[in-house]
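File shown: structure_17.txt. Contents: compact mmCIF, C-alpha atoms.
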# COMPACT_ATOMS: atom_id res chain seq x y z
CA MET H 1 -27.37 -28.49 -60.08
CA PRO H 2 -28.01 -30.30 -56.82
CA ARG H 3 -28.93 -28.35 -53.77
CA PRO H 4 -26.12 -27.49 -51.41
CA ALA H 5 -25.70 -30.03 -48.67
CA PRO H 6 -28.35 -29.24 -46.06
CA LYS H 7 -25.96 -30.03 -43.20
CA LYS H 8 -23.68 -27.20 -44.23
CA SER H 9 -26.36 -24.60 -44.84
CA ARG H 10 -27.93 -25.43 -41.49
CA ARG H 11 -24.85 -24.46 -39.52
CA ASN H 12 -23.48 -21.62 -41.55
CA PRO H 13 -26.06 -18.83 -41.57
CA LEU H 14 -25.85 -18.16 -37.85
CA LEU H 15 -22.15 -18.80 -37.43
CA PRO H 16 -20.87 -15.33 -38.44
CA PHE H 17 -23.52 -13.85 -36.19
CA TYR H 18 -22.32 -15.87 -33.22
CA VAL H 19 -18.72 -14.99 -33.97
CA ILE H 20 -19.48 -11.26 -34.08
CA LEU H 21 -21.56 -11.50 -30.91
CA GLY H 22 -18.78 -13.40 -29.17
CA VAL H 23 -16.10 -10.93 -30.22
CA VAL H 24 -18.16 -7.95 -29.05
CA ALA H 25 -18.96 -9.67 -25.76
CA ALA H 26 -15.33 -10.61 -25.14
CA GLY H 27 -14.08 -7.16 -26.07
CA GLY H 28 -16.65 -5.48 -23.86
CA ALA H 29 -15.98 -7.77 -20.94
CA PHE H 30 -12.26 -7.12 -21.28
CA MET H 31 -12.77 -3.35 -21.23
CA LEU H 32 -15.09 -3.55 -18.24
CA PHE H 33 -12.54 -5.66 -16.43
CA ARG H 34 -9.81 -3.15 -17.16
CA GLN H 35 -11.96 -0.35 -15.82
CA MET H 36 -12.21 -2.18 -12.54
CA GLY H 37 -8.75 -1.02 -11.62
CA GLY H 38 -6.87 -4.22 -12.25
CA GLY H 39 -8.89 -6.53 -10.07
CA GLY H 40 -7.51 -10.04 -9.93
CA ALA H 41 -4.01 -10.90 -10.95
CA ALA H 42 -3.06 -7.58 -12.51
CA ALA H 43 -0.83 -5.35 -10.44
CA ALA H 44 -3.24 -3.48 -8.24
CA THR H 45 -1.18 -0.38 -7.83
CA THR H 46 1.60 0.98 -9.98
CA LEU H 47 3.62 4.11 -9.69
CA GLN H 48 4.62 6.47 -12.42
CA PRO H 49 7.39 9.01 -11.94
CA VAL H 50 6.41 12.58 -12.73
CA VAL H 51 8.38 15.76 -12.87
CA MET H 52 7.63 17.59 -9.68
CA THR H 53 9.93 20.46 -8.96
CA PRO H 54 10.50 21.61 -5.40
CA GLU H 55 9.59 25.12 -6.50
CA GLN H 56 6.16 23.97 -7.59
CA LEU H 57 5.54 22.26 -4.32
CA GLN H 58 6.82 25.14 -2.22
CA ARG H 59 4.74 27.67 -4.07
CA VAL H 60 1.36 26.06 -3.60
CA PRO H 61 0.38 25.12 -0.10
CA GLY H 62 -1.45 21.87 0.56
CA ILE H 63 -3.11 20.88 3.79
CA SER H 64 -1.46 18.03 5.59
CA LYS H 65 -1.79 15.63 8.45
CA GLY H 66 0.98 13.55 9.95
CA GLN H 67 4.55 14.24 11.01
CA PRO H 68 6.41 16.81 8.88
CA ALA H 69 9.42 14.46 8.79
CA ALA H 70 7.47 11.36 7.76
CA PRO H 71 9.40 9.35 5.14
CA VAL H 72 6.34 8.69 2.99
CA VAL H 73 4.41 11.66 1.67
CA PHE H 74 1.08 11.13 -0.02
CA MET H 75 -0.45 13.97 -1.99
CA GLU H 76 -4.08 13.75 -2.90
CA PHE H 77 -5.65 15.97 -5.52
CA ALA H 78 -9.34 15.88 -4.81
CA ASP H 79 -12.70 17.54 -5.15
CA PHE H 80 -15.21 17.55 -2.29
CA GLN H 81 -18.07 17.08 -4.73
CA CYS H 82 -16.58 14.10 -6.55
CA PRO H 83 -18.22 10.81 -5.49
CA ALA H 84 -15.03 8.82 -5.99
CA CYS H 85 -13.20 11.24 -3.67
CA GLY H 86 -15.95 10.70 -1.13
CA GLN H 87 -15.49 6.96 -1.37
CA PHE H 88 -11.77 7.43 -1.06
CA ALA H 89 -12.16 9.58 2.05
CA ARG H 90 -14.62 7.21 3.67
CA PHE H 91 -13.13 3.85 2.79
CA SER H 92 -9.50 4.17 1.64
CA GLU H 93 -8.01 6.91 3.75
CA PRO H 94 -8.94 5.32 7.11
CA LEU H 95 -6.86 2.30 6.08
CA ILE H 96 -3.64 4.26 6.57
CA GLN H 97 -4.66 6.37 9.54
CA ASP H 98 -2.38 4.39 11.87
CA TYR H 99 0.58 4.94 9.52
CA ILE H 100 -0.16 8.66 9.77
CA ASP H 101 -0.43 8.42 13.53
CA ASN H 102 2.88 6.56 13.93
CA GLY H 103 4.81 9.06 11.85
CA THR H 104 5.41 6.93 8.74
CA VAL H 105 3.05 8.80 6.46
CA ARG H 106 2.24 12.40 5.89
CA PHE H 107 -0.94 12.96 3.93
CA VAL H 108 -1.35 16.21 2.01
CA TRP H 109 -4.59 17.46 0.51
CA TYR H 110 -4.60 19.57 -2.64
CA ASP H 111 -7.77 21.03 -4.03
CA TYR H 112 -8.59 20.01 -7.56
CA PRO H 113 -12.18 21.26 -7.93
CA LEU H 114 -13.75 20.00 -11.15
CA VAL H 115 -15.65 23.24 -11.56
CA GLU H 116 -16.75 22.31 -15.08
CA ILE H 117 -18.99 19.55 -13.84
CA HIS H 118 -19.37 20.23 -10.13
CA ALA H 119 -21.16 23.48 -9.41
CA ASN H 120 -20.34 23.45 -5.69
CA ALA H 121 -16.77 22.18 -5.90
CA MET H 122 -15.13 25.59 -5.65
CA LEU H 123 -17.26 26.66 -2.70
CA ALA H 124 -16.57 23.36 -0.94
CA ALA H 125 -12.83 23.72 -1.56
CA ARG H 126 -12.87 27.24 -0.13
CA ALA H 127 -14.89 25.98 2.83
CA GLY H 128 -12.16 23.44 3.47
CA ARG H 129 -9.56 26.18 3.47
CA CYS H 130 -11.72 28.27 5.81
CA ALA H 131 -11.80 25.31 8.19
CA ASN H 132 -8.05 24.97 7.82
CA GLU H 133 -7.75 28.57 8.98
CA GLN H 134 -9.09 27.31 12.30
CA ASN H 135 -6.79 24.27 12.13
CA GLN H 136 -9.85 22.06 11.72
CA PHE H 137 -9.49 20.98 8.11
CA TRP H 138 -9.51 17.21 8.64
CA PRO H 139 -12.56 16.96 10.90
CA TYR H 140 -14.35 19.27 8.51
CA HIS H 141 -13.13 17.24 5.52
CA ASP H 142 -14.60 14.08 7.04
CA TYR H 143 -17.85 15.86 7.79
CA VAL H 144 -18.32 17.33 4.33
CA PHE H 145 -17.56 14.02 2.63
CA GLY H 146 -19.93 12.29 5.02
CA GLN H 147 -22.73 14.65 3.97
CA GLN H 148 -21.76 14.73 0.29
CA GLY H 149 -25.14 13.50 -0.91
CA GLN H 150 -26.94 16.25 1.00
CA TRP H 151 -25.25 19.30 -0.46
CA SER H 152 -23.87 18.19 -3.84
CA GLU H 153 -26.94 19.04 -5.89
CA LYS H 154 -28.04 22.15 -3.99
CA SER H 155 -27.95 25.42 -5.85
CA ASN H 156 -26.29 27.29 -2.98
CA PRO H 157 -25.13 25.19 -0.02
CA VAL H 158 -23.36 28.00 1.90
CA ASN H 159 -25.66 27.56 4.89
CA ASP H 160 -25.14 23.80 4.87
CA PHE H 161 -21.39 24.30 4.98
CA VAL H 162 -21.73 26.75 7.86
CA ASP H 163 -23.90 24.27 9.75
CA TYR H 164 -21.38 21.51 9.14
CA ALA H 165 -18.62 23.77 10.44
CA GLN H 166 -20.52 24.35 13.66
CA GLN H 167 -21.31 20.65 14.01
CA ALA H 168 -17.65 19.80 13.44
CA GLY H 169 -16.75 22.12 16.31
CA LEU H 170 -15.56 25.19 14.42
CA ASP H 171 -16.19 28.82 15.22
CA ARG H 172 -19.38 29.33 13.27
CA ASP H 173 -19.18 33.08 12.78
CA ALA H 174 -15.55 33.20 11.76
CA PHE H 175 -16.13 30.35 9.32
CA ALA H 176 -19.24 31.98 7.83
CA GLN H 177 -17.43 35.24 7.38
CA CYS H 178 -14.57 33.49 5.62
CA LEU H 179 -16.84 31.47 3.38
CA ARG H 180 -19.01 34.43 2.39
CA SER H 181 -15.94 36.38 1.30
CA THR H 182 -13.82 35.39 -1.68
CA ARG H 183 -11.00 34.28 0.55
CA PHE H 184 -8.86 31.33 -0.59
CA GLN H 185 -10.18 31.52 -4.13
CA LYS H 186 -6.63 32.18 -5.24
CA GLU H 187 -5.14 29.32 -3.21
CA VAL H 188 -7.69 26.84 -4.49
CA SER H 189 -7.13 27.95 -8.08
CA GLU H 190 -3.37 27.67 -7.66
CA SER H 191 -3.77 24.23 -6.22
CA ARG H 192 -5.81 23.14 -9.22
CA GLU H 193 -3.24 24.75 -11.50
CA LEU H 194 -0.50 22.77 -9.82
CA GLY H 195 -2.51 19.61 -10.35
CA SER H 196 -2.91 20.35 -14.04
CA THR H 197 0.82 21.00 -14.33
CA LEU H 198 1.46 17.60 -12.80
CA GLY H 199 -0.90 15.91 -15.26
CA VAL H 200 -3.86 15.49 -12.95
CA SER H 201 -7.04 15.25 -15.00
CA GLY H 202 -9.46 13.46 -12.74
CA THR H 203 -10.02 13.03 -9.05
CA PRO H 204 -8.88 11.63 -6.78
CA THR H 205 -5.30 11.54 -8.07
CA LEU H 206 -2.66 10.36 -5.68
CA PHE H 207 1.08 10.89 -5.58
CA VAL H 208 3.48 9.13 -3.28
CA ASN H 209 6.89 10.75 -2.77
CA GLY H 210 6.55 12.49 -6.12
CA LYS H 211 5.38 9.44 -8.07
CA ARG H 212 1.91 9.18 -9.41
CA VAL H 213 -0.16 6.28 -8.09
CA GLN H 214 -1.85 4.78 -11.14
CA ASP H 215 -4.70 3.01 -9.42
CA THR H 216 -6.10 4.19 -6.15
CA PRO H 217 -5.23 1.65 -3.47
CA ALA H 218 -8.41 -0.05 -2.39
CA THR H 219 -7.17 -2.49 0.22
CA ARG H 220 -4.96 -2.30 3.25
CA ALA H 221 -2.53 -4.64 1.49
CA ASP H 222 -2.20 -2.24 -1.47
CA TRP H 223 -1.40 0.63 0.86
CA GLU H 224 1.08 -1.42 2.84
CA GLN H 225 2.86 -2.46 -0.33
CA ILE H 226 3.34 1.16 -1.39
CA ILE H 227 4.39 2.28 2.06
CA ARG H 228 6.83 -0.62 2.40
CA GLU H 229 8.43 0.13 -0.94
CA GLU H 230 8.76 3.79 -0.13
CA THR H 231 10.24 3.24 3.32
CA ARG H 232 12.67 0.56 2.16
CA GLY H 233 15.23 2.88 0.64
CA ALA H 234 14.45 5.91 2.71
CA ALA H 235 15.85 5.81 6.20
CA PRO H 236 14.39 8.31 8.66
CA ALA H 237 17.04 10.76 7.44
CA ALA H 238 15.09 11.16 4.21
CA GLY H 239 12.38 12.99 6.05
CA THR H 240 12.61 16.68 5.45
CA ALA H 241 11.14 19.64 7.16
CA PRO H 242 8.76 21.55 4.93
CA ALA H 243 11.05 24.56 4.77
CA ALA H 244 14.12 22.63 3.66
CA THR H 245 14.19 22.11 -0.06
CA PRO H 246 15.93 18.94 -1.20
CA PRO H 247 17.64 19.08 -4.56
CA ALA H 248 15.98 16.14 -6.30
CA ALA H 249 12.38 15.70 -7.30
CA PRO H 250 11.39 12.53 -5.42
CA ALA H 251 11.02 12.66 -1.67
CA VAL H 252 10.27 16.32 -1.91
CA ALA H 253 8.25 17.62 0.98
CA PRO H 254 5.25 19.55 -0.24
CA ALA H 255 4.69 22.96 1.19
CA ASP H 256 2.32 23.04 4.01
CA SER H 257 0.00 25.72 5.18
CA ALA H 258 -1.19 23.99 8.32
CA ALA H 259 0.92 23.31 11.33
CA GLY H 260 1.67 19.63 10.61
CA MET G 1 -29.76 -15.93 -54.14
CA ASP G 2 -29.47 -19.56 -55.20
CA ALA G 3 -33.23 -19.92 -55.21
CA ALA G 4 -33.65 -16.94 -57.48
CA LEU G 5 -31.10 -18.20 -60.00
CA ASP G 6 -32.26 -21.77 -59.95
CA GLY G 7 -35.65 -21.63 -61.67
CA THR G 8 -36.34 -25.32 -61.33
CA ARG G 9 -36.06 -25.25 -57.62
CA ASP G 10 -39.16 -25.62 -55.45
CA GLU G 11 -40.36 -22.76 -53.34
CA PRO G 12 -38.59 -23.23 -50.01
CA THR G 13 -40.74 -24.02 -47.01
CA GLY G 14 -40.87 -21.53 -44.12
CA ALA G 15 -38.40 -23.49 -42.04
CA GLU G 16 -35.90 -23.84 -44.85
CA GLU G 17 -36.13 -20.20 -45.66
CA LEU G 18 -35.44 -19.33 -42.06
CA GLU G 19 -32.51 -21.68 -41.94
CA ALA G 20 -31.01 -20.21 -45.04
CA SER G 21 -31.50 -16.60 -43.92
CA PRO G 22 -32.30 -16.10 -40.28
CA PRO G 23 -34.07 -12.81 -39.52
CA LEU G 24 -31.55 -10.00 -39.77
CA SER G 25 -33.58 -7.73 -37.53
CA ARG G 26 -33.26 -10.22 -34.67
CA MET G 27 -29.50 -10.42 -35.13
CA ALA G 28 -29.31 -6.65 -35.05
CA ILE G 29 -31.44 -6.59 -31.91
CA ALA G 30 -29.10 -9.10 -30.26
CA LEU G 31 -26.04 -7.01 -31.07
CA LEU G 32 -27.67 -3.78 -29.90
CA ALA G 33 -28.86 -5.49 -26.71
CA LEU G 34 -25.35 -6.76 -26.10
CA ALA G 35 -24.01 -3.22 -26.43
CA GLY G 36 -26.71 -2.02 -24.03
CA LEU G 37 -25.85 -4.83 -21.65
CA LEU G 38 -22.21 -3.73 -21.58
CA ILE G 39 -23.11 -0.09 -21.01
CA SER G 40 -25.58 -0.86 -18.24
CA SER G 41 -23.06 -3.24 -16.65
CA TYR G 42 -20.54 -0.42 -16.66
CA LEU G 43 -22.94 2.02 -15.01
CA THR G 44 -24.11 -0.59 -12.51
CA MET G 45 -20.52 -1.37 -11.60
CA TYR G 46 -20.04 2.34 -10.98
CA LYS G 47 -23.12 2.49 -8.79
CA VAL G 48 -22.04 -0.43 -6.63
CA GLY G 49 -18.57 1.03 -6.26
CA LEU G 50 -16.49 -1.30 -8.42
CA LEU G 51 -15.11 1.60 -10.46
CA GLY G 52 -13.32 4.60 -9.07
CA ALA G 53 -14.36 7.22 -11.56
CA ILE G 54 -16.65 7.08 -14.52
CA GLN G 55 -15.28 7.62 -18.03
CA CYS G 56 -17.28 10.41 -19.57
CA SER G 57 -15.84 12.42 -22.44
CA ILE G 58 -19.11 14.23 -23.17
CA GLY G 59 -21.50 15.57 -20.56
CA SER G 60 -21.35 15.00 -16.82
CA CYS G 61 -22.09 11.38 -16.06
CA GLU G 62 -21.34 11.73 -12.37
CA LYS G 63 -23.90 14.43 -11.87
CA VAL G 64 -26.55 12.23 -13.46
CA GLN G 65 -25.34 9.03 -11.86
CA THR G 66 -25.26 10.54 -8.38
CA SER G 67 -28.59 12.33 -8.68
CA ARG G 68 -31.54 10.97 -6.76
CA TRP G 69 -33.15 9.84 -10.01
CA SER G 70 -30.45 7.27 -10.52
CA TYR G 71 -32.50 4.88 -8.38
CA PHE G 72 -35.85 3.39 -9.36
CA LEU G 73 -37.86 1.23 -6.98
CA GLY G 74 -34.84 0.76 -4.77
CA LEU G 75 -32.48 -0.42 -7.51
CA PRO G 76 -30.05 1.61 -9.60
CA VAL G 77 -31.66 2.58 -12.90
CA SER G 78 -28.68 0.98 -14.63
CA ALA G 79 -29.50 -2.35 -12.93
CA TRP G 80 -33.01 -2.22 -14.38
CA GLY G 81 -31.45 -1.53 -17.75
CA LEU G 82 -29.09 -4.45 -17.29
CA GLY G 83 -32.02 -6.77 -16.58
CA ALA G 84 -33.94 -5.48 -19.59
CA TYR G 85 -30.98 -5.88 -21.96
CA VAL G 86 -30.22 -9.40 -20.71
CA THR G 87 -33.87 -10.36 -21.33
CA ILE G 88 -33.92 -8.75 -24.78
CA LEU G 89 -30.64 -10.42 -25.71
CA THR G 90 -31.99 -13.80 -24.61
CA LEU G 91 -35.21 -13.28 -26.57
CA ALA G 92 -33.33 -12.17 -29.67
CA MET G 93 -31.02 -15.18 -29.47
CA LEU G 94 -34.09 -17.41 -29.28
CA GLY G 95 -35.67 -15.41 -32.07
CA VAL G 96 -32.91 -16.18 -34.57
CA GLN G 97 -33.30 -19.92 -34.10
CA PRO G 98 -35.48 -21.42 -36.84
CA ARG G 99 -37.62 -23.09 -34.17
CA PHE G 100 -38.61 -19.83 -32.55
CA ALA G 101 -38.18 -17.26 -35.32
CA ARG G 102 -41.86 -17.15 -36.14
CA GLU G 103 -43.17 -17.59 -32.61
CA ARG G 104 -45.69 -14.94 -31.79
CA TRP G 105 -44.73 -14.65 -28.13
CA VAL G 106 -41.08 -13.94 -28.99
CA ALA G 107 -42.09 -11.08 -31.28
CA LEU G 108 -44.59 -9.75 -28.76
CA ALA G 109 -42.16 -9.95 -25.85
CA LEU G 110 -39.46 -8.13 -27.80
CA PHE G 111 -41.94 -5.50 -28.89
CA GLY G 112 -43.46 -5.03 -25.44
CA LEU G 113 -40.20 -4.97 -23.53
CA SER G 114 -38.51 -2.54 -25.89
CA ALA G 115 -41.63 -0.33 -25.89
CA VAL G 116 -41.45 -0.10 -22.10
CA GLY G 117 -37.72 0.55 -22.44
CA VAL G 118 -38.29 3.38 -24.90
CA ALA G 119 -40.90 4.96 -22.62
CA PHE G 120 -38.63 4.70 -19.59
CA SER G 121 -35.63 6.05 -21.53
CA ALA G 122 -37.75 8.94 -22.75
CA TYR G 123 -38.60 9.73 -19.13
CA LEU G 124 -34.89 9.54 -18.14
CA THR G 125 -33.87 11.71 -21.06
CA TYR G 126 -36.53 14.22 -20.04
CA LEU G 127 -35.03 14.25 -16.51
CA GLU G 128 -31.54 14.82 -17.89
CA ALA G 129 -32.68 17.68 -20.09
CA PHE G 130 -35.11 19.52 -17.85
CA VAL G 131 -34.57 18.46 -14.25
CA ILE G 132 -30.96 17.44 -13.67
CA HIS G 133 -29.68 19.75 -16.41
CA ALA G 134 -26.82 17.42 -17.17
CA TRP G 135 -26.20 14.78 -19.77
CA CYS G 136 -24.77 11.36 -19.26
CA GLN G 137 -23.37 10.12 -22.55
CA TRP G 138 -23.89 6.45 -21.64
CA CYS G 139 -27.53 7.05 -20.79
CA VAL G 140 -28.08 8.82 -24.09
CA ILE G 141 -26.40 6.00 -26.01
CA SER G 142 -28.60 3.51 -24.18
CA ALA G 143 -31.71 5.52 -25.09
CA ILE G 144 -30.69 5.39 -28.75
CA LEU G 145 -30.01 1.65 -28.55
CA ILE G 146 -33.40 0.83 -27.05
CA THR G 147 -35.15 3.01 -29.63
CA LEU G 148 -33.40 1.12 -32.43
CA ILE G 149 -34.30 -2.19 -30.79
CA PHE G 150 -37.93 -1.10 -30.62
CA LEU G 151 -37.96 -0.18 -34.33
CA LEU G 152 -36.28 -3.48 -35.22
CA SER G 153 -38.86 -5.42 -33.22
CA LEU G 154 -41.66 -4.20 -35.50
CA PRO G 155 -40.96 -6.42 -38.58
CA GLY G 156 -41.08 -9.49 -36.33
CA LEU G 157 -44.65 -8.65 -35.32
CA ARG G 158 -45.84 -8.80 -38.90
CA GLN G 159 -44.03 -12.03 -39.69
CA ALA G 160 -45.12 -13.81 -36.54
CA ARG G 161 -47.64 -16.57 -36.99

Same coordinates, now as structure tokens:
Amino acid sequence: MPRPAPKKSRRNPLLPFYVILGVVAAGGAFMLFRQMGGGGAAAATTLQPVVMTPEQLQRVPGISKGQPAAPVVFMEFADFQCPACGQFARFSEPLIQDYIDNGTVRFVWYDYPLVEIHANAMLAARAGRCANEQNQFWPYHDYVFGQQGQWSEKSNPVNDFVDYAQQAGLDRDAFAQCLRSTRFQKEVSESRELGSTLGVSGTPTLFVNGKRVQDTPATRADWEQIIREETRGAAPAAGTAPAATPPAAPAVAPADSAAG
Amino acid sequence: MDAALDGTRDEPTGAEELEASPPLSRMAIALLALAGLLISSYLTMYKVGLLGAIQCSIGSCEKVQTSRWSYFLGLPVSAWGLGAYVTILTLAMLGVQPRFARERWVALALFGLSAVGVAFSAYLTYLEAFVIHAWCQWCVISAILITLIFLLSLPGLRQAR
């Protein structure tokens, strides 16, 4: 029997190998690309309706900034110790600050401490609430996220938080007293519970007027698109005071512990 | 197979043998290095901020990835891993070609690089276990991959001319 044609045997042995390698590479690249949050042509930001009853939102107080009657209400479920939340606070949130200032957007913070993986998340969340007691949540929020790398891995950063409070212009003693007690443990836990009820599993998770934002907006254009879509149908009349409870789920105004 | 059945056939030369059956260990190294490349790309993308959150069903990747040991000589550890896997993949792809399969430097480079990789991964795994007290599933998978690559680089050393 003659030998098999050498041409054929020269090409074949490596071909399956290249095919497998190519398939793995393409599959991996595709998955990496998907993880990037739809960069490129894919829709950057999509919304998913969720069931959000007014009762749920009235029961658990968030911490908000912006006009109470703003037509667009963002709810953020976040964890002070989560790096992605830090990025969000430093880079994404400032992109809509002028919409908050001009009364279009109200931004509401809900604690979702990932206590399973972040040892200081609960303490940080309570610290935020202690700052809120002095109506200084947002400056404190910015400060704590700014220093995230400093306190995240410490075994007990109470003193750091107290220092930050002082540096952010809060009453140091009142803040320290609050933080060293167990105050706001219940509120933080309820907030996390609310998040779980709404299907939050990671942070930061964002809702706009009761709809879940699938991919965190990264650019000004993404934010503007959402805000434009939400303001299109809703005339100023859609804005609701926190106390008034509208009948339907969307456009519900979350309860609010801080004076707007 | 053919050669074994066909008794009249001459003993194949080295080159022919390699063409008929390229070294399996090198192919395996290439595939493992590709997997490592994807994992380290993922972690590097996280470090440079291209991903929002990190997918981590086991352990606490963020704790490890945000710890101060996630940088080495000014670069993210994952970027070093990416570089190493790209180099290993390139070497392994060369190493399956009949022209280079028996080259001593290919075998030595694969052996040396993966040995350094194993040592570095052992150090990182030690940090996860005893210093950071948290596990990052991707880092553990990468440590397993580089260990397998190291083991698979050994047959090439013996066959190298």

Within 9 Å of chain G: residues of chain H, using all atoms listed in the file, as a PyMOL selection string: chain H and resi 1+3+9-14+17+20-21+24-25+28-29+32+35-37+82-85+87-88+116-118+149+152-153+202-204+215-216

How far is it from CA of Arg158 (chain G) to CA of Gly81 (chain G), in Å with one decimal?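 If I compute the distance from CA of Arg158 (chain G) to CA of Gly81 (chain G), I get 26.6 Å.
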
Determine, counting all atoms listed in the file, which protein, DNA and RNA residues have an atom within 8 Å of an atom of region 119-126 of chain G; residues of the same chain fewer than 6 positions away are not included. Present the result as a PyMOL selection string. chain G and resi 139-140+142-143+146

Leaving out Val72 (chain H) and any residue of its chain fewer than 5 positions from it, which residues lie within 8 Å of it when counting only C-alpha atoms, given as an NGL selection string? :H and (104-106 or 208-209 or 227 or 230-231 or 251)

In Å, rounded to a single decimal, give me how far CA of Trp135 (chain G) is from CA of Ser153 (chain G). 27.4 Å

Counting all atoms listed in the file, the residue of G:Val77, G:Val64, G:Ala107, G:Val86 that sits nearest Glu128 (chain G):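 Once distances to Glu128 (chain G) are computed over all atoms listed in the file, the minimum belongs to G:Val64.
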
Determine, counting only C-alpha atoms, which protein, DNA and RNA residues have an atom within 10 Å of an atom of Leu95 (chain H); residues of the same chain fewer than 2 positions away are not included. Present the result as a PDB file with C-alpha atoms, keeping the file's coordinate frame.
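Full text of part-v2.pdb as output:
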ATOM      1  CA  ALA H  89     -12.160   9.580   2.050  1.00  0.00           C
ATOM      2  CA  ARG H  90     -14.620   7.210   3.670  1.00  0.00           C
ATOM      3  CA  PHE H  91     -13.130   3.850   2.790  1.00  0.00           C
ATOM      4  CA  SER H  92      -9.500   4.170   1.640  1.00  0.00           C
ATOM      5  CA  GLU H  93      -8.010   6.910   3.750  1.00  0.00           C
ATOM      6  CA  GLN H  97      -4.660   6.370   9.540  1.00  0.00           C
ATOM      7  CA  ASP H  98      -2.380   4.390  11.870  1.00  0.00           C
ATOM      8  CA  TYR H  99       0.580   4.940   9.520  1.00  0.00           C
ATOM      9  CA  ILE H 100      -0.160   8.660   9.770  1.00  0.00           C
ATOM     10  CA  PRO H 217      -5.230   1.650  -3.470  1.00  0.00           C
ATOM     11  CA  ALA H 218      -8.410  -0.050  -2.390  1.00  0.00           C
ATOM     12  CA  THR H 219      -7.170  -2.490   0.220  1.00  0.00           C
ATOM     13  CA  ARG H 220      -4.960  -2.300   3.250  1.00  0.00           C
ATOM     14  CA  ALA H 221      -2.530  -4.640   1.490  1.00  0.00           C
ATOM     15  CA  ASP H 222      -2.200  -2.240  -1.470  1.00  0.00           C
ATOM     16  CA  TRP H 223      -1.400   0.630   0.860  1.00  0.00           C
ATOM     17  CA  GLU H 224       1.080  -1.420   2.840  1.00  0.00           C
TER      18      GLU H 224
END

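Between Arg180 (chain H) and the candidates H:Gln167, H:Gly146, H:Ile226, H:Ala124, the tightest atom-to-atom separation, counting all atoms listed in the file, involves H:Ala124.
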
Report the distance between CA of Cys130 (chain H) and CA of Pro113 (chain H) in Å, rounded to one decimal place. 15.4 Å

Of the candidates H:Gly128, H:Gln214, H:Ser181, H:Thr205, which shows the shortest atom-to-atom distance to Met75 (chain H), using only C-alpha atoms? H:Thr205

Counting all atoms listed in the file, which residue out of H:Glu133, H:Asp111, H:Asp173, H:Asp79 sits closest to Asn159 (chain H)?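 Using all atoms listed in the file, Asn159 (chain H) sits closest to H:Asp173.
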
Selection: 9 Å around Gln148 (chain H), all atoms listed in the file, excl. self and same-chain fewer than 3 positions, as an mmCIF file with C-alpha atoms, in the coordinates of the input:
data_model
loop_
_atom_site.group_PDB
_atom_site.id
_atom_site.type_symbol
_atom_site.label_atom_id
_atom_site.label_comp_id
_atom_site.auth_asym_id
_atom_site.auth_seq_id
_atom_site.Cartn_x
_atom_site.Cartn_y
_atom_site.Cartn_z
ATOM 1 C CA PHE H 80 -15.210 17.550 -2.290
ATOM 2 C CA GLN H 81 -18.070 17.080 -4.730
ATOM 3 C CA CYS H 82 -16.580 14.100 -6.550
ATOM 4 C CA PRO H 83 -18.220 10.810 -5.490
ATOM 5 C CA GLY H 86 -15.950 10.700 -1.130
ATOM 6 C CA TYR H 143 -17.850 15.860 7.790
ATOM 7 C CA VAL H 144 -18.320 17.330 4.330
ATOM 8 C CA PHE H 145 -17.560 14.020 2.630
ATOM 9 C CA TRP H 151 -25.250 19.300 -0.460
ATOM 10 C CA SER H 152 -23.870 18.190 -3.840
#

Need the neighbours of (-3.3, 28.7, -3.9): which residues are at most 12 Å away, counting all atoms listed in the file, as a short mmCIF file (atom, residue, chain, number, x, y, z; two decimals) with C-alpha atoms, keeping the file's coordinate frame?
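As written to disk, selection08.cif reads:
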data_model
loop_
_atom_site.label_atom_id
_atom_site.label_comp_id
_atom_site.auth_asym_id
_atom_site.auth_seq_id
_atom_site.Cartn_x
_atom_site.Cartn_y
_atom_site.Cartn_z
CA GLN H 56 6.16 23.97 -7.59
CA LEU H 57 5.54 22.26 -4.32
CA GLN H 58 6.82 25.14 -2.22
CA ARG H 59 4.74 27.67 -4.07
CA VAL H 60 1.36 26.06 -3.60
CA PRO H 61 0.38 25.12 -0.10
CA GLY H 62 -1.45 21.87 0.56
CA ILE H 63 -3.11 20.88 3.79
CA TYR H 110 -4.60 19.57 -2.64
CA ASP H 111 -7.77 21.03 -4.03
CA TYR H 112 -8.59 20.01 -7.56
CA ALA H 125 -12.83 23.72 -1.56
CA ARG H 126 -12.87 27.24 -0.13
CA ARG H 129 -9.56 26.18 3.47
CA ARG H 183 -11.00 34.28 0.55
CA PHE H 184 -8.86 31.33 -0.59
CA GLN H 185 -10.18 31.52 -4.13
CA LYS H 186 -6.63 32.18 -5.24
CA GLU H 187 -5.14 29.32 -3.21
CA VAL H 188 -7.69 26.84 -4.49
CA SER H 189 -7.13 27.95 -8.08
CA GLU H 190 -3.37 27.67 -7.66
CA SER H 191 -3.77 24.23 -6.22
CA ARG H 192 -5.81 23.14 -9.22
CA GLU H 193 -3.24 24.75 -11.50
CA LEU H 194 -0.50 22.77 -9.82
CA GLY H 195 -2.51 19.61 -10.35
CA ALA H 255 4.69 22.96 1.19
CA ASP H 256 2.32 23.04 4.01
CA SER H 257 0.00 25.72 5.18
#

For each of H:Pro94, H:Gly103, H:Gly27, H:Pro16, take the minimum atom-to-atom distance to Gly66 (chain H), counting only C-alpha atoms, then give the residue where this is smallest.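 Under the stated criterion, the closest residue is H:Gly103.
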
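Shortest separation to Ala69 (chain H) among H:Asn132, H:Gln147, H:Asn102, H:Arg232 occurs at residue H:Asn102, atoms counted being only C-alpha atoms.
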